[in-house]
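Have a look at the structure below before the remarks.
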Amino acid sequence: QEKCLVLCSTGIILLSEGNHSIIPTLILLGFSEYPELRVPLFLVFLCIYTATVVGNLGMIIIIKVNSKLHTIMYFFLSHLSFVDFCFSTVVTPKLLENLIVEYRTISFSGCIAQFCFACLFGVAETFMLAAMAYDRFVAVCNPLLYTTVMSPKCCALLVAGSYSWGVVCSVTLTYFLLALSYCKSSTINNFICDHSVIVSVSCSDPYISQMLCSVIAMFNEASSLVIILMSYIFIFITVMGMPSASGGHWKTFSTCASHLTAISIFHGTILLLYCIPNPKTSWLTVKVTSVFYTVVIPMLNPLIYSLRNKEVKNTFTRFVFTKLLCHST
């Protein structure tokens with residue numbers, strides 16, 4: 001008799017087999033096909049996750065304690081750091097666990113929860129970067145109206161909108177995933193519960209869920225990239241119209257360089273992973289790209305923004321020096 005997962009009227013996910021109901025488990029293969037690399041990968045990912053936590057929480061603390069950083073740009077940056085911290089925390093601990101345990105399993109409810117929160121923070125980061133691009137556009141192209149246009153209310157709405165749309169996308173996709181029926185416990189050839197791998201273990205037709213996911217993903221990517229590209233096109237035109245003798249070109253481009261770097265890495269990885277389908281792409285390539293998107297990028301953002309910012313580096317140095325003095329006395 002076939003075992004199949006169904007959505008009960010009580011809202012609980014159960015696997016029915018005769019008169020028994022059990023919670024199914026999924027097996028995340030991750031990088032198990034390379035057993036000799038399990039310890040080195042664990043150490044590498046542990047270092048990356050540690051740097052992610054310290055870097056992003058450190059950035060939030062630095063922005064909080066330094067009044068000179070209480071500006072609109074750093075308001076957005078503090079939320080970007082929070083999103084990166086949460087995004088990495090949703091994915092990396094389970095990845096680390098599966099590298100050291102023999103049975104690399106995850107419950108179905110845990111898999112759904114991981115997808116739900118990863119989707120929320122992934123979408124939120126997409127539009128947070130777009131909001132930061134709009135902020136740079138207003139600052140460069142309409143400097144006299146900057147404080148009026150980018151009012152505290154407007155900034156709060158942009159941030160709230162990013163989180164809210166992330167919740168809408170996440171809840172919608174999760175609902176349609178739960179509407180599917182799922183066959184007995186299956187193996188997932190990845191380290192993360194992505195939408196594609198969840199529907200791959202479904203025993204019902206996932207067409208509607210897949211189409212909805214594609215539409216939402218294309219809309220999010222297209223709309224955010226339009227905002228970013230249009231903002232930087234106008235910035236480029238404005239900067240090129242500045243007198244070259246004033247040195248405004250390099251100063252303006254320097255202020256935008258960190259954001260452009262973060263955008264290029266983030267959206268470049270998404271386009272490579274989701275928007276440029278290639279049937280010849282190996283699972284190893286998919287996994288490595290997914291690692292870069294979910295694990296490495298959250299670590300890079302605080303480094304990108306801090307290494308080019310003297311005020312952030314000075315605040316960090318003073319903060320660490322003060323703590324060391326307090327512990328030594």
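In the structure tokens, each chain is lettered A, B, ... as it comes, each chain's residues begin at 1, and ligands are numbered from 1 in order of appearance.
Using only C-alpha atoms, the protein and nucleic acid residues lying no more than 12 Å from Gly58 (chain A), apart from those fewer than 3 places from it along its own chain, are Thr50, Ala51, Thr52, Val53, Val54, Gly55, Ile61, Ile62, Ile63, Lys64, Val65, Leu77, Ser78, Ser81, Phe82, Phe85, Met299, Pro302, Leu303, Ser306, Val312, Lys313, Thr315, Phe316, Thr317, Phe319 and Val320 of chain A.
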- Message: For Ile228 (chain A), find every residue with an atom within 12 Å (counting only C-alpha atoms), except residues of its own chain fewer than 5 positions away, and show them as a PyMOL selection string.
- Response: chain A and resi 126-137+221-223+233-235+256+259-260+262-264+267
- Just list the residues in region 66-261 of chain A DSSP gives strand (DSSP E) on the backbone, as a PyMOL selection string. chain A and resi 105-107+182-183+187-188
- Task: Record the distance separating CA of Trp165 (chain A) and CA of Leu28 (chain A), expressed in Å with one decimal.
- Result: 28.8 Å
- Task: Compile the contact shell of Cys86 (chain A) as a list in words: residues with an atom at most 9 Å away, counting only C-alpha atoms, same-chain residues fewer than 5 positions apart removed.
- Result: Ser81, Val91, Phe117, Ala118 and Phe121 of chain A
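Note that CA of Pro143 (chain A) and CA of Thr238 (chain A) are 11.3 Å apart.
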- Give me the residues within 12 Å of Asn190 (chain A) as a ChimeraX atom specification, counting only C-alpha atoms and dropping any in the same chain fewer than 4 places off. /A:26-33,91,94-95,98,104-105,111,194-198,200,282-291
- Query: Restricting the calculation to only C-alpha atoms, which member of A:Gly241, A:Tyr232, A:Thr25, A:Ala139 is positioned closest to Ala257 (chain A)?
  - Reply: A:Tyr232
